[in-house]
Every structure is written in C-alpha cells, then in structure tokens.
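Right, one structure below, let's go through it.
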Amino acid sequence: HGLVAAFHRAVPAIAPSARALAPKARGFSGAAAGKIVKVMTSEIKHEEEQYEQAKEIKAFLGKSDFKLVDTMGDVNMALEREVGDKVVRIEWQLTSPFNPDMEAEGEEALDQEATDFSVTVENKSKGSGVAFYCSTQTGEDHRYVIGNVKAFSSAQEKDGVSSYNGPEFEDVDDKLQEALDEYLAEIGMNNEVCDFIDASALDKEQREYLRWLKITKDFLSS
C-alpha cells in the first residue's frame, strides 16, 4: 500500500509540465506560417505579373503534327506523333532558369542552357524500337547533338535499368552518323523542335513554381 500511495503522490508532479506544453502545440501553425503566407502572397502576385509564355510555344503547337503531353505537377514533358505503324515520342524535363556556374560571366548568364532530351521510335505492335539520347545546343545550323543510340527488342528491354544503351554516337562510322541524323530529321526532329523544347522547359519551370507557391500558401492558410 505504501508503494501505491507513493505512486499516486508522484503522478501530479508530471501533470504541470504536460499542461505547460499544450499552448505550444496549439501554436504550431501560428506566427511562422502567417509570415510564410504573407511572403508567398506577394511572390504569387509578382510571378503572375511577370509571367508571359514564349510566343514560339503556341506557334509551334499550332502548326506541328506533334501533340504535347504535359501534366501539372509532373516535371516530365513529351511530344508525340504517329508515323505509319510507329510512335515517335520526344521527352524532356523542366529546366531551371538559374545557372550558378555562369553567374560571374555577366550577360552570358542569360544564354539558354542545353536541355537533355530523348527521341524514341517504337513499333506499336511489336514493342521494339530505337531511342536517341540528345541535348539541345545553341546556334542556328544544327540545334542538337546526339549522345547515344539505344536499340531494344521489347518494352522490358527499353525500360531496363541494366539494358545496353548503345555506342557513343561519335564513335560510330561517319556514314552511319549521317544516316542516323537523317533518320531523325525524317521523323520530325529539327531546329524548331529544339527551340520548342528549350522554351517549354523554362516555361514549365515557371508554371510549376507558381503552382507550388499556391499549393503551399493554401495549405499553410488552412
């Protein structure tokens, strides 16, 4: 009985500290969240006033055979078209407009960074095909470079992490390089597509940033 009495006497000693913590728990989304919401409201207004979609985006989509695949919240983008029994899919991701490596170079910091992209040509019924891994580059003559050319016999091989990605493009025979480059041109790859990829990659980043601001603000306001 002495131990039970001692236990009951000890319990009230814990209670005050628990009650003292309660106000802090209730204030979890108080002042700090309010400050974030205020700053974000201002940032949203600024971004909406400054945002203007590059004119080449709408112009390209208005005349191209490619269909744009763009889902809000997803960093990936794609252009798709069908050529006979094959599906052509060009894929890339959003690009940040800020390049810290070029900050010290003054005006050149405004130059467009290269955008990595892939061009996949796949047989609709067999699942076999080829994939070109490329990057855009500045200039007016030839706006992209090819890194690797992968061949696959099935969808499983196409997406396999350990699948062979093909040779380095610059290591294959010059005549083969020329023929592969011509093949890409035949399926619709050209400088206008590269201009669209670069412009839409930056545009996507701006739109996703604005969406992120609004989602975060709404959450912290509730």
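By convention here, the chains of the structure tokens are called A, B, ... in the order presented, each chain's residues are numbered starting at 1, and ligands are numbered starting at 1 in the order presented.
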Checklist entry - Residues at most 12 Å from Val145 in chain A, counting only C-alpha atoms, excluding those fewer than 3 positions away in the same chain, as a PyMOL selection string? => result chain A and resi 114-119+132-139+141-142+148-149+168-170+177+180-181+184+189-191+194
Next on the checklist: Taking only range 89-194 of chain A into account, list the residues labelled helix (DSSP H, G or I) by DSSP (computed from the backbone), as a PyMOL selection string.
Outcome noted: chain A and resi 100-110+155-159+169-171+174-186+191-194
Item to check | Given only C-alpha atoms as the counted atoms, nearest of A:Leu94, A:Ala179, A:Leu61, A:Ile215 to Asn76 in chain A | outcome: A:Leu94
Next on the checklist: Just checking: using only C-alpha atoms, which residue out of A:Lys214, A:Lys55, A:Lys126, A:Lys67 ends up closest to Thr41 in chain A?
Outcome noted: A:Lys214
Next on the checklist: Counting only C-alpha atoms, which residue out of A:Glu82, A:Asp70, A:Glu49, A:Asp173 sits closest to Leu210 in chain A?
Outcome noted: A:Glu49
Next on the checklist: Neighbouring residues of Asn123 in chain A were defined as those with any atom within 10 Å, considering only C-alpha atoms; residues of the same chain fewer than 5 positions away were excluded. Please report them as a ChimeraX atom specification.
Outcome noted: /A:82-88,128-130,153-154
Checklist entry - Separation of CA of Ser222 in chain A and CA of Tyr209 in chain A, in Å? => result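 These atoms are spaced 20.3 Å apart.
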Checklist entry - Nearest to Glu157 in chain A: which of A:Thr95, A:Val37, A:Asp171, A:Ala131 is it, counting only C-alpha atoms? => result A:Ala131
Item to check | From A:Gln93, A:Thr120, A:Ile57, A:Val161, residue lying nearest Thr71 in chain A [only C-alpha atoms] | outcome: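 Among the listed residues, the smallest separation from Thr71 in chain A belongs to A:Gln93.
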Next on the checklist: Quick check, in Å to one decimal: how far apart do CA of Ser64 in chain A and CA of Ala199 in chain A lie?
Outcome noted: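 Those two atoms sit 15.4 Å apart.
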Checklist entry - What is the distance, in Å and to one decimal place, between CA of Leu79 in chain A and CA of Tyr51 in chain A? => result 23.2 Å
Checklist entry - So which bits of range 6-207 of chain A end up strand (DSSP E or B) when you DSSP the backbone, as a VMD selection string? => result chain A and resid 67 to 70 76 to 83 86 to 93 116 to 123 129 to 136 144 to 152 168
Checklist entry - What's the 12 Å shell around Gln50 in chain A, counting only C-alpha atoms, without same-chain residues fewer than 4 positions away, as a PyMOL selection string? => result chain A and resi 43-46+206-207+210
Please identify all polymer residues within 10 Å of Glu52 in chain A, counting only C-alpha atoms, omitting same-chain residues fewer than 4 positions from it, and present them as a short mmCIF file (atom, residue, chain, number, x, y, z; two decimals) with N, CA, C and O atoms, in the first residue's frame.
```cif
data_model
loop_
_atom_site.label_atom_id
_atom_site.label_comp_id
_atom_site.auth_asym_id
_atom_site.auth_seq_id
_atom_site.Cartn_x
_atom_site.Cartn_y
_atom_site.Cartn_z
N GLU A 47 4.95 36.96 -59.58
CA GLU A 47 5.13 35.95 -60.62
C GLU A 47 4.03 36.04 -61.68
O GLU A 47 4.29 35.92 -62.87
N GLU A 48 2.78 36.27 -61.24
CA GLU A 48 1.67 36.36 -62.18
C GLU A 48 1.79 37.60 -63.07
O GLU A 48 1.43 37.57 -64.26
N ASP A 203 9.43 27.48 -69.48
CA ASP A 203 8.05 27.84 -69.21
C ASP A 203 7.43 26.89 -68.17
O ASP A 203 6.71 27.32 -67.27
N GLN A 206 8.55 27.77 -64.66
CA GLN A 206 7.82 28.93 -64.13
C GLN A 206 6.42 28.55 -63.68
O GLN A 206 5.96 28.96 -62.61
#
```
